[in-house]
>>> print(open('run_27.cif').read())   # mmCIF, C-alpha atoms
data_my_file
#
loop_
_atom_site.label_atom_id
_atom_site.label_comp_id
_atom_site.auth_asym_id
_atom_site.auth_seq_id
_atom_site.Cartn_x
_atom_site.Cartn_y
_atom_site.Cartn_z
CA MET Y 248 -7.39 9.46 26.15
CA LYS Y 249 -5.26 11.44 23.76
CA ILE Y 250 -4.58 9.99 20.32
CA THR Y 251 -3.18 11.11 16.99
CA LEU Y 252 -5.27 10.88 13.84
CA ARG Y 253 -3.74 10.56 10.38
CA TYR Y 254 -5.62 10.92 7.11
CA PHE Y 255 -4.52 9.85 3.65
CA ALA Y 256 -5.49 10.23 -0.02
CA SER Y 257 -9.15 11.14 -0.66
CA VAL Y 258 -9.91 11.24 3.08
CA ARG Y 259 -7.06 13.72 3.64
CA GLU Y 260 -8.34 15.89 0.80
CA GLN Y 261 -11.94 15.88 2.00
CA LEU Y 262 -10.90 16.79 5.55
CA ALA Y 263 -8.35 19.31 4.29
CA GLN Y 264 -5.80 18.09 6.84
CA SER Y 265 -3.41 15.18 7.21
CA GLN Y 266 -3.11 14.95 10.98
CA GLU Y 267 -4.75 16.08 14.23
CA GLN Y 268 -4.63 15.31 17.95
CA VAL Y 269 -7.88 14.43 19.71
CA ASP Y 270 -8.99 13.65 23.23
CA THR Y 271 -11.53 10.84 23.00
CA SER Y 272 -13.60 8.55 25.19
CA ALA Y 273 -14.09 6.03 22.34
CA THR Y 274 -13.16 2.45 23.22
CA THR Y 275 -12.93 0.94 19.72
CA LEU Y 276 -11.94 2.16 16.28
CA ASN Y 277 -15.59 2.03 15.16
CA ASP Y 278 -16.57 4.18 18.18
CA LEU Y 279 -13.89 6.65 17.22
CA ARG Y 280 -15.09 6.75 13.62
CA GLN Y 281 -18.66 7.39 14.83
CA GLU Y 282 -17.43 10.15 17.12
CA LEU Y 283 -15.74 11.85 14.16
CA ILE Y 284 -18.81 11.41 11.93
CA ALA Y 285 -20.90 13.05 14.67
CA ARG Y 286 -18.82 16.23 14.26
CA GLY Y 287 -20.73 16.80 11.02
CA GLU Y 288 -19.19 17.95 7.76
CA PRO Y 289 -16.69 17.33 6.33
CA TYR Y 290 -16.19 14.29 8.60
CA ALA Y 291 -19.66 12.85 8.02
CA LYS Y 292 -19.08 12.71 4.28
CA ALA Y 293 -15.43 11.61 4.37
CA LEU Y 294 -15.86 8.83 6.94
CA GLY Y 295 -19.60 8.05 6.53
CA LEU Y 296 -20.62 4.44 6.99
CA GLY Y 297 -21.44 3.93 3.31
CA LYS Y 298 -17.82 4.73 2.39
CA ALA Y 299 -15.14 2.11 1.97
CA ILE Y 300 -12.75 3.25 4.70
CA ARG Y 301 -9.79 1.28 5.99
CA MET Y 302 -8.30 1.88 9.43
CA ALA Y 303 -4.88 1.31 10.92
CA MET Y 304 -3.72 1.62 14.50
CA ASN Y 305 -0.06 2.14 15.26
CA GLN Y 306 0.63 1.52 11.58
CA LYS Y 307 -1.08 -1.87 11.36
CA VAL Y 308 -4.39 -2.45 9.57
CA CYS Y 309 -7.13 -3.10 12.15
CA ASP Y 310 -10.81 -4.05 12.17
CA GLY Y 311 -13.33 -1.58 13.51
CA ASP Y 312 -13.87 -3.61 16.65
CA ALA Y 313 -10.20 -3.32 17.68
CA ALA Y 314 -9.77 -1.73 21.12
CA LEU Y 315 -8.40 1.79 21.00
CA LEU Y 316 -5.03 2.02 22.77
CA PRO Y 317 -3.79 5.04 24.73
CA ASP Y 318 -1.50 7.33 22.73
CA ALA Y 319 -2.38 5.41 19.58
CA GLU Y 320 -1.80 6.69 16.07
CA VAL Y 321 -5.00 5.92 14.18
CA ALA Y 322 -5.19 6.33 10.41
CA PHE Y 323 -8.23 6.52 8.14
CA PHE Y 324 -7.81 5.92 4.41
CA PRO Y 325 -9.54 4.53 1.31
CA PRO Y 326 -8.74 1.08 -0.13
CA VAL Y 327 -5.10 0.94 -1.20
CA THR Y 328 -4.06 1.14 -4.87
CA GLY Y 329 -0.29 0.71 -5.03
CA GLY Y 330 1.84 -1.50 -7.25
CA MET D 51 20.58 -12.85 2.91
CA ALA D 52 18.83 -9.57 2.69
CA PHE D 53 15.15 -8.77 2.54
CA THR D 54 14.99 -5.04 1.93
CA VAL D 55 12.45 -2.41 1.01
CA GLN D 56 12.94 1.11 -0.24
CA ILE D 57 10.42 3.86 -0.89
CA GLN D 58 11.83 6.60 -3.09
CA THR D 59 10.93 9.31 -5.59
CA GLU D 60 13.87 8.49 -7.88
CA ASP D 61 13.83 5.90 -10.64
CA PHE D 62 15.64 2.57 -10.14
CA ASP D 63 17.91 0.39 -12.27
CA LEU D 64 16.94 -3.29 -12.53
CA SER D 65 20.43 -4.53 -13.35
CA ARG D 66 22.00 -2.71 -10.44
CA GLU D 67 19.35 -3.89 -7.98
CA VAL D 68 19.60 -7.53 -9.06
CA ALA D 69 23.40 -7.38 -9.00
CA GLN D 70 23.27 -6.12 -5.40
CA LEU D 71 20.67 -8.68 -4.37
CA ARG D 72 22.74 -11.64 -5.52
CA ALA D 73 26.23 -10.24 -4.85
CA ALA D 74 28.43 -12.78 -3.02
CA GLN D 75 25.49 -15.24 -2.79
CA PRO D 76 26.67 -18.40 -4.59
CA ALA D 77 23.67 -20.35 -3.28
CA VAL D 78 21.43 -18.33 -5.61
CA GLY D 79 20.49 -20.15 -8.79
CA ALA D 80 17.41 -18.15 -9.79
CA VAL D 81 16.35 -14.52 -9.82
CA CYS D 82 12.82 -13.49 -10.65
CA SER D 83 11.82 -9.86 -10.98
CA PHE D 84 8.68 -7.88 -11.73
CA ILE D 85 8.45 -4.22 -12.73
CA GLY D 86 5.20 -2.29 -12.73
CA THR D 87 5.03 0.73 -15.04
CA VAL D 88 2.69 3.67 -15.61
CA ARG D 89 0.12 3.00 -18.36
CA ASP D 90 -1.24 5.82 -20.52
CA ARG D 91 -4.82 4.54 -20.21
CA ASN D 92 -7.04 3.52 -17.31
CA GLU D 93 -10.78 2.84 -17.21
CA GLY D 94 -10.96 3.91 -20.86
CA ASP D 95 -9.42 7.34 -20.29
CA GLN D 96 -6.11 8.84 -21.31
CA VAL D 97 -3.76 9.22 -18.35
CA SER D 98 -1.19 12.01 -18.62
CA SER D 99 0.41 11.59 -15.17
CA LEU D 100 0.11 9.66 -11.95
CA GLU D 101 0.76 10.83 -8.40
CA LEU D 102 1.51 8.30 -5.68
CA GLU D 103 0.99 8.94 -1.98
CA HIS D 104 1.93 6.58 0.85
CA TYR D 105 1.95 6.23 4.63
CA PRO D 106 5.62 6.60 5.62
CA GLY D 107 6.62 4.06 8.23
CA MET D 108 3.61 1.81 7.79
CA THR D 109 4.52 1.21 4.16
CA GLU D 110 7.99 -0.09 4.95
CA GLN D 111 6.74 -2.09 7.93
CA SER D 112 3.93 -3.74 5.96
CA ILE D 113 6.22 -4.70 3.08
CA GLN D 114 8.82 -6.12 5.50
CA GLY D 115 5.97 -8.20 6.94
CA MET D 116 5.02 -9.43 3.46
CA MET D 117 8.60 -10.46 2.75
CA ALA D 118 8.74 -12.36 6.05
CA GLU D 119 5.50 -14.11 5.05
CA ALA D 120 6.97 -14.94 1.61
CA ALA D 121 10.08 -16.38 3.28
CA GLU D 122 7.85 -18.60 5.45
CA ARG D 123 5.92 -19.90 2.46
CA PHE D 124 8.66 -20.29 -0.15
CA ASP D 125 12.25 -21.44 -0.06
CA ILE D 126 13.71 -18.09 -1.09
CA LEU D 127 17.07 -16.57 -0.29
CA GLY D 128 16.46 -12.83 -0.58
CA ALA D 129 14.10 -10.16 -1.83
CA ARG D 130 14.23 -6.52 -2.80
CA VAL D 131 11.18 -4.25 -3.12
CA ILE D 132 11.40 -0.69 -4.42
CA HIS D 133 8.29 1.42 -4.74
CA ARG D 134 8.33 4.95 -6.08
CA VAL D 135 6.12 7.77 -4.80
CA GLY D 136 5.43 11.25 -6.11
CA LEU D 137 4.67 12.37 -9.65
CA MET D 138 5.20 9.95 -12.55
CA GLN D 139 4.45 9.86 -16.28
CA PRO D 140 3.38 7.05 -18.63
CA LEU D 141 6.33 4.71 -19.37
CA ASP D 142 7.89 5.39 -15.96
CA GLN D 143 8.74 2.50 -13.66
CA ILE D 144 6.69 2.43 -10.44
CA VAL D 145 7.56 -0.73 -8.57
CA LEU D 146 10.21 -3.44 -8.50
CA VAL D 147 9.96 -6.82 -6.79
CA ALA D 148 13.00 -9.08 -7.16
CA VAL D 149 13.41 -12.45 -5.45
CA THR D 150 16.28 -14.94 -5.31
CA SER D 151 16.20 -18.68 -4.66
CA ALA D 152 18.18 -21.81 -5.42
CA HIS D 153 15.70 -23.00 -8.07
CA ARG D 154 13.33 -21.05 -10.30
CA GLY D 155 9.95 -22.28 -9.02
CA GLU D 156 10.23 -20.70 -5.61
CA SER D 157 11.32 -17.28 -6.84
CA PHE D 158 8.63 -17.19 -9.57
CA GLN D 159 5.96 -17.94 -6.98
CA ALA D 160 7.30 -15.64 -4.28
CA CYS D 161 7.57 -12.75 -6.73
CA GLU D 162 3.90 -13.06 -7.74
CA PHE D 163 2.84 -13.59 -4.12
CA LEU D 164 4.64 -10.41 -3.05
CA MET D 165 3.06 -8.35 -5.84
CA ASP D 166 -0.44 -9.70 -5.08
CA TYR D 167 0.09 -8.89 -1.42
CA LEU D 168 1.51 -5.44 -2.09
CA LYS D 169 -1.37 -4.44 -4.40
CA THR D 170 -3.96 -5.05 -1.68
CA GLN D 171 -2.13 -4.44 1.60
CA ALA D 172 0.58 -1.83 1.27
CA PRO D 173 -0.64 1.73 2.01
CA PHE D 174 -0.17 3.44 -1.36
CA TRP D 175 -2.73 5.50 -3.22
CA LYS D 176 -2.69 6.55 -6.87
CA LYS D 177 -4.22 9.70 -8.26
CA GLU D 178 -4.30 10.05 -12.04
CA ALA D 179 -4.60 13.05 -14.32
CA THR D 180 -7.10 12.53 -17.15
CA PRO D 181 -8.74 14.91 -19.67
CA GLY D 182 -11.69 15.05 -17.24
CA GLY D 183 -9.50 16.14 -14.32
CA HIS D 184 -7.67 14.44 -11.45
CA ARG D 185 -9.19 11.36 -9.84
CA TRP D 186 -8.22 8.78 -7.23
CA VAL D 187 -7.80 5.30 -8.68
CA ASP D 188 -10.33 2.75 -7.42
CA ALA D 189 -9.16 -0.50 -5.86
CA ARG D 190 -9.91 -3.58 -7.96
CA VAL D 191 -11.82 -6.64 -6.79
CA SER D 192 -9.62 -8.65 -9.19
CA ASP D 193 -6.61 -7.78 -6.99
CA ASP D 194 -8.39 -9.19 -3.92
CA LYS D 195 -9.09 -12.34 -5.94
CA ALA D 196 -5.43 -12.59 -6.93
CA LEU D 197 -4.44 -12.63 -3.26
CA ALA D 198 -7.21 -15.13 -2.42
CA ARG D 199 -5.44 -17.69 -4.66
CA TRP D 200 -2.74 -17.82 -1.97
CA GLY D 201 -5.31 -18.59 0.70
CA ILE D 202 -5.44 -15.04 2.06
CA GLN D 203 -8.95 -13.60 2.22
CA ILE D 204 -9.09 -9.85 2.47
CA SER D 205 -11.50 -7.29 1.08
CA ASN D 206 -9.52 -4.20 0.22
CA ALA D 207 -11.62 -3.22 -2.78
CA SER D 208 -15.13 -3.78 -1.46
CA GLY D 209 -17.21 -3.23 1.64
CA SER D 210 -17.28 -0.38 4.10
#
>>> encode(input="run_27.cif", output="structure tokens")
Amino acid sequence: MKITLRYFASVREQLAQSQEQVDTSATTLNDLRQELIARGEPYAKALGLGKAIRMAMNQKVCDGDAALLPDAEVAFFPPVTGG
Amino acid sequence: MAFTVQIQTEDFDLSREVAQLRAAQPAVGAVCSFIGTVRDRNEGDQVSSLELEHYPGMTEQSIQGMMAEAAERFDILGARVIHRVGLMQPLDQIVLVAVTSAHRGESFQACEFLMDYLKTQAPFWKKEATPGGHRWVDARVSDDKALARWGIQISNASGS
């Protein structure tokens, strides 16, 4: 399925892009993250499993085991630091 | 009564915002507000400027959700949240949370609840300029603990 990826803050900087479209067979957000890590650098470093990465789908924070929805907008970002 | 959120680069005026929040609302007997400002030091280093990034759309939606949660928990009449993004300097205002209620207790509590929630759940990221260069600000475990006091367990600052 086709989805839109959004990257923010340090993740955006490491990947040197803020948005991309991908065609994926991943079924969960964790699967999707693994698929991106498998691309190698810079994804492996930016999204690697040791990193504190938060995920959102369709602009709501989601756990990694959330099912990936068709046409979803999935965002990867570090812990938030507003206020 | 209104529960509104605004993300903007411009500064805001507390008096004007509070006046708007309680305009023509004679049921209001208490207004509590919090303003967060840019400090010139963090983690022991001098901070010369701060840049704030956010996730347009999700930011507004998540804060509206927080205000709905606050209205469920506390007997409040209205709330206004303004959060600035972009480049800011020490002394600048960053965030405003203002809450109205009939009596003071509810607005005091709701104001703190909203700030605790916002610190750990709203998609904002700070990058600060220090003598050693630019760096992203780390999330604090103490902010997760602040939210836990309200019975909400989340781990923004820790874990992968």
>>> residues_around(input="run_27.cif", residues="segment 98-101 of chain D", least_positions_apart="4", cutoff="12 Å", atoms="only C-alpha atoms", output="PDB file with C-alpha atoms, keeping the file's coordinate frame")
ATOM      1  CA  ALA Y 256      -5.490  10.230  -0.020  1.00  0.00           C
ATOM      2  CA  THR Y 328      -4.060   1.140  -4.870  1.00  0.00           C
ATOM      3  CA  GLY Y 329      -0.290   0.710  -5.030  1.00  0.00           C
TER       4      GLY Y 329
ATOM      5  CA  THR D  59      10.930   9.310  -5.590  1.00  0.00           C
ATOM      6  CA  THR D  87       5.030   0.730 -15.040  1.00  0.00           C
ATOM      7  CA  VAL D  88       2.690   3.670 -15.610  1.00  0.00           C
ATOM      8  CA  ARG D  89       0.120   3.000 -18.360  1.00  0.00           C
ATOM      9  CA  ASP D  90      -1.240   5.820 -20.520  1.00  0.00           C
ATOM     10  CA  ARG D  91      -4.820   4.540 -20.210  1.00  0.00           C
ATOM     11  CA  ASN D  92      -7.040   3.520 -17.310  1.00  0.00           C
ATOM     12  CA  ARG D 134       8.330   4.950  -6.080  1.00  0.00           C
ATOM     13  CA  VAL D 135       6.120   7.770  -4.800  1.00  0.00           C
ATOM     14  CA  GLY D 136       5.430  11.250  -6.110  1.00  0.00           C
ATOM     15  CA  LEU D 137       4.670  12.370  -9.650  1.00  0.00           C
ATOM     16  CA  MET D 138       5.200   9.950 -12.550  1.00  0.00           C
ATOM     17  CA  GLN D 139       4.450   9.860 -16.280  1.00  0.00           C
ATOM     18  CA  PRO D 140       3.380   7.050 -18.630  1.00  0.00           C
ATOM     19  CA  LEU D 141       6.330   4.710 -19.370  1.00  0.00           C
ATOM     20  CA  ASP D 142       7.890   5.390 -15.960  1.00  0.00           C
ATOM     21  CA  GLN D 143       8.740   2.500 -13.660  1.00  0.00           C
ATOM     22  CA  ILE D 144       6.690   2.430 -10.440  1.00  0.00           C
ATOM     23  CA  PHE D 174      -0.170   3.440  -1.360  1.00  0.00           C
ATOM     24  CA  TRP D 175      -2.730   5.500  -3.220  1.00  0.00           C
ATOM     25  CA  LYS D 176      -2.690   6.550  -6.870  1.00  0.00           C
ATOM     26  CA  LYS D 177      -4.220   9.700  -8.260  1.00  0.00           C
ATOM     27  CA  GLU D 178      -4.300  10.050 -12.040  1.00  0.00           C
ATOM     28  CA  ALA D 179      -4.600  13.050 -14.320  1.00  0.00           C
ATOM     29  CA  THR D 180      -7.100  12.530 -17.150  1.00  0.00           C
ATOM     30  CA  PRO D 181      -8.740  14.910 -19.670  1.00  0.00           C
ATOM     31  CA  GLY D 182     -11.690  15.050 -17.240  1.00  0.00           C
ATOM     32  CA  GLY D 183      -9.500  16.140 -14.320  1.00  0.00           C
ATOM     33  CA  HIS D 184      -7.670  14.440 -11.450  1.00  0.00           C
ATOM     34  CA  ARG D 185      -9.190  11.360  -9.840  1.00  0.00           C
ATOM     35  CA  TRP D 186      -8.220   8.780  -7.230  1.00  0.00           C
ATOM     36  CA  VAL D 187      -7.800   5.300  -8.680  1.00  0.00           C
TER      37      VAL D 187
END
>>> atom_distance(input="run_27.cif", atom1="atom CA of Leu296 of chain Y", atom2="atom CA of Glu93 of chain D")
26.2 Å
>>> closest_residue(input="run_27.cif", among="D:Gly128, D:Gly115, D:Gly86, D:Gly94", to="chain Y", atoms="only C-alpha atoms")
D:Gly86
>>> closest_atom_pairs(input="run_27.cif", of="chain D", to="chain Y", cutoff="6 Å", atoms="only C-alpha atoms", output="JSON lines")
{"residue": "D:Met108", "atom": "CA", "partner": "Y:Gln306", "partner_atom": "CA", "distance": 4.8}
{"residue": "D:Val145", "atom": "CA", "partner": "Y:Gly330", "partner_atom": "CA", "distance": 5.9}
{"residue": "D:Lys169", "atom": "CA", "partner": "Y:Gly330", "partner_atom": "CA", "distance": 5.2}
{"residue": "D:Pro173", "atom": "CA", "partner": "Y:Val327", "partner_atom": "CA", "distance": 5.6}
{"residue": "D:Phe174", "atom": "CA", "partner": "Y:Gly329", "partner_atom": "CA", "distance": 4.6}
{"residue": "D:Trp175", "atom": "CA", "partner": "Y:Thr328", "partner_atom": "CA", "distance": 4.8}
{"residue": "D:Lys176", "atom": "CA", "partner": "Y:Thr328", "partner_atom": "CA", "distance": 5.9}
{"residue": "D:Ala189", "atom": "CA", "partner": "Y:Thr328", "partner_atom": "CA", "distance": 5.4}
{"residue": "D:Asn206", "atom": "CA", "partner": "Y:Pro326", "partner_atom": "CA", "distance": 5.3}
{"residue": "D:Ala207", "atom": "CA", "partner": "Y:Pro326", "partner_atom": "CA", "distance": 5.8}
{"residue": "D:Gly209", "atom": "CA", "partner": "Y:Ala299", "partner_atom": "CA", "distance": 5.7}
{"residue": "D:Ser210", "atom": "CA", "partner": "Y:Ala299", "partner_atom": "CA", "distance": 3.9}
>>> write_last_selection(input="run_27.cif", atoms="C-alpha atoms", output="JSON list (two decimals), in the frame of the given file")
[["chain", "number", "residue", "atom", "x", "y", "z"],
["D", 108, "MET", "CA", 3.61, 1.81, 7.79],
["D", 145, "VAL", "CA", 7.56, -0.73, -8.57],
["D", 169, "LYS", "CA", -1.37, -4.44, -4.40],
["D", 173, "PRO", "CA", -0.64, 1.73, 2.01],
["D", 174, "PHE", "CA", -0.17, 3.44, -1.36],
["D", 175, "TRP", "CA", -2.73, 5.50, -3.22],
["D", 176, "LYS", "CA", -2.69, 6.55, -6.87],
["D", 189, "ALA", "CA", -9.16, -0.50, -5.86],
["D", 206, "ASN", "CA", -9.52, -4.20, 0.22],
["D", 207, "ALA", "CA", -11.62, -3.22, -2.78],
["D", 209, "GLY", "CA", -17.21, -3.23, 1.64],
["D", 210, "SER", "CA", -17.28, -0.38, 4.10]]
>>> closest_atom_pairs(input="run_27.cif", of="segment 116-184 of chain D", to="segment 72-79 of chain D", cutoff="10 Å", atoms="only C-alpha atoms", output="tab-separated table")
residue	atom	partner	partner_atom	distance
D:Ile126	CA	D:Val78	CA	8.9
D:Leu127	CA	D:Val78	CA	7.1
D:Gly128	CA	D:Arg72	CA	8.1
D:Ala129	CA	D:Arg72	CA	9.5
D:Val149	CA	D:Arg72	CA	9.4
D:Thr150	CA	D:Val78	CA	6.2
D:Ser151	CA	D:Val78	CA	5.3
D:Ala152	CA	D:Gly79	CA	4.4
D:His153	CA	D:Gly79	CA	5.6
D:Arg154	CA	D:Gly79	CA	7.4
D:Ser157	CA	D:Gly79	CA	9.8
>>> closest_residue(input="run_27.cif", among="Y:Leu262, Y:Met248, Y:Ala313, Y:Ala319", to="Thr275 of chain Y", atoms="only C-alpha atoms")
Y:Ala313
>>> residues_near_point(input="run_27.cif", point="(4.7, -14.7, -6.3)", cutoff="10 Å", atoms="all atoms listed in the file", output="NGL selection string")
:D and (82-84 or 120 or 124 or 147 or 149 or 155-167 or 197 or 200)
>>> write_last_selection(input="run_27.cif", atoms="C-alpha atoms", output="tab-separated table (two decimals), in the coordinates of the input")
chain	number	residue	atom	x	y	z
D	82	CYS	CA	12.82	-13.49	-10.65
D	83	SER	CA	11.82	-9.86	-10.98
D	84	PHE	CA	8.68	-7.88	-11.73
D	120	ALA	CA	6.97	-14.94	1.61
D	124	PHE	CA	8.66	-20.29	-0.15
D	147	VAL	CA	9.96	-6.82	-6.79
D	149	VAL	CA	13.41	-12.45	-5.45
D	155	GLY	CA	9.95	-22.28	-9.02
D	156	GLU	CA	10.23	-20.70	-5.61
D	157	SER	CA	11.32	-17.28	-6.84
D	158	PHE	CA	8.63	-17.19	-9.57
D	159	GLN	CA	5.96	-17.94	-6.98
D	160	ALA	CA	7.30	-15.64	-4.28
D	161	CYS	CA	7.57	-12.75	-6.73
D	162	GLU	CA	3.90	-13.06	-7.74
D	163	PHE	CA	2.84	-13.59	-4.12
D	164	LEU	CA	4.64	-10.41	-3.05
D	165	MET	CA	3.06	-8.35	-5.84
D	166	ASP	CA	-0.44	-9.70	-5.08
D	167	TYR	CA	0.09	-8.89	-1.42
D	197	LEU	CA	-4.44	-12.63	-3.26
D	200	TRP	CA	-2.74	-17.82	-1.97
>>> atom_distance(input="run_27.cif", atom1="atom CA of Glu110 of chain D", atom2="atom CA of Ala172 of chain D")
8.5 Å
>>> atom_distance(input="run_27.cif", atom1="atom CA of Asp310 of chain Y", atom2="atom CA of Thr54 of chain D")
27.8 Å
>>> resolve_selection(input="run_27.cif", expression="the PyMOL selection byres ((chain Y and resi 276) around 9)", output="number ranges by chain")
Y: 273-275, 277-281, 302-304, 309-315, 321
>>> closest_residue(input="run_27.cif", among="Y:Pro317, Y:Phe323, Y:Tyr290, Y:Thr251", to="Val269 of chain Y", atoms="only C-alpha atoms")
Y:Thr251
>>> resolve_selection(input="run_27.cif", expression="the PyMOL selection byres ((chain Y and resi 266) around 6)", output="NGL selection string")
:Y and (252-253 or 264-265 or 267)
>>> resolve_selection(input="run_27.cif", expression="the PyMOL selection byres ((chain D and resi 132) around 6)", output="VMD selection string")
chain D and resid 55 to 57 131 133 145 to 146
>>> closest_residue(input="run_27.cif", among="D:Ile85, D:Ala198, D:Ala52, D:Ile204", to="Leu71 of chain D", atoms="all atoms listed in the file")
D:Ala52
>>> decode(input="run_27.cif", residues="segment 143-162 of chain D", atoms="N, CA and C atoms", output="compact mmCIF listing (two decimals), in the first residue's frame")
# COMPACT_ATOMS: atom_id res chain seq x y z
N GLN D 143 8.44 35.19 25.35
CA GLN D 143 7.36 34.30 25.76
C GLN D 143 7.26 33.16 24.73
N ILE D 144 7.04 31.92 25.24
CA ILE D 144 6.89 30.79 24.32
C ILE D 144 5.44 30.29 24.29
N VAL D 145 4.88 30.12 25.48
CA VAL D 145 3.59 29.45 25.55
C VAL D 145 2.68 30.13 26.57
N LEU D 146 1.39 30.15 26.23
CA LEU D 146 0.37 30.65 27.16
C LEU D 146 -0.71 29.58 27.32
N VAL D 147 -1.06 29.32 28.58
CA VAL D 147 -2.25 28.51 28.87
C VAL D 147 -3.10 29.35 29.81
N ALA D 148 -4.33 29.64 29.43
CA ALA D 148 -5.24 30.39 30.29
C ALA D 148 -6.55 29.63 30.40
N VAL D 149 -7.07 29.54 31.62
CA VAL D 149 -8.28 28.75 31.87
C VAL D 149 -9.25 29.56 32.72
N THR D 150 -10.54 29.45 32.41
CA THR D 150 -11.55 30.13 33.23
C THR D 150 -12.47 29.12 33.90
N SER D 151 -12.96 29.50 35.08
CA SER D 151 -13.91 28.67 35.81
C SER D 151 -14.71 29.56 36.74
N ALA D 152 -15.68 28.97 37.42
CA ALA D 152 -16.49 29.76 38.35
C ALA D 152 -15.68 30.05 39.61
N HIS D 153 -14.93 29.03 40.08
CA HIS D 153 -14.14 29.18 41.31
C HIS D 153 -12.68 28.83 41.04
N ARG D 154 -11.77 29.35 41.85
CA ARG D 154 -10.35 29.28 41.52
C ARG D 154 -9.76 27.88 41.43
N GLY D 155 -10.20 26.96 42.31
CA GLY D 155 -9.56 25.65 42.38
C GLY D 155 -9.52 24.93 41.05
N GLU D 156 -10.62 24.96 40.33
CA GLU D 156 -10.71 24.23 39.07
C GLU D 156 -9.80 24.81 37.99
N SER D 157 -9.71 26.14 37.94
CA SER D 157 -8.86 26.72 36.90
C SER D 157 -7.37 26.57 37.23
N PHE D 158 -7.02 26.65 38.53
CA PHE D 158 -5.62 26.38 38.92
C PHE D 158 -5.23 24.97 38.47
N GLN D 159 -6.05 24.02 38.81
CA GLN D 159 -5.73 22.62 38.50
C GLN D 159 -5.69 22.36 37.01
N ALA D 160 -6.69 22.86 36.29
CA ALA D 160 -6.78 22.60 34.86
C ALA D 160 -5.60 23.23 34.12
N CYS D 161 -5.15 24.39 34.60
CA CYS D 161 -4.03 25.08 33.96
C CYS D 161 -2.76 24.22 34.08
N GLU D 162 -2.52 23.69 35.27
CA GLU D 162 -1.33 22.86 35.48
C GLU D 162 -1.45 21.54 34.71
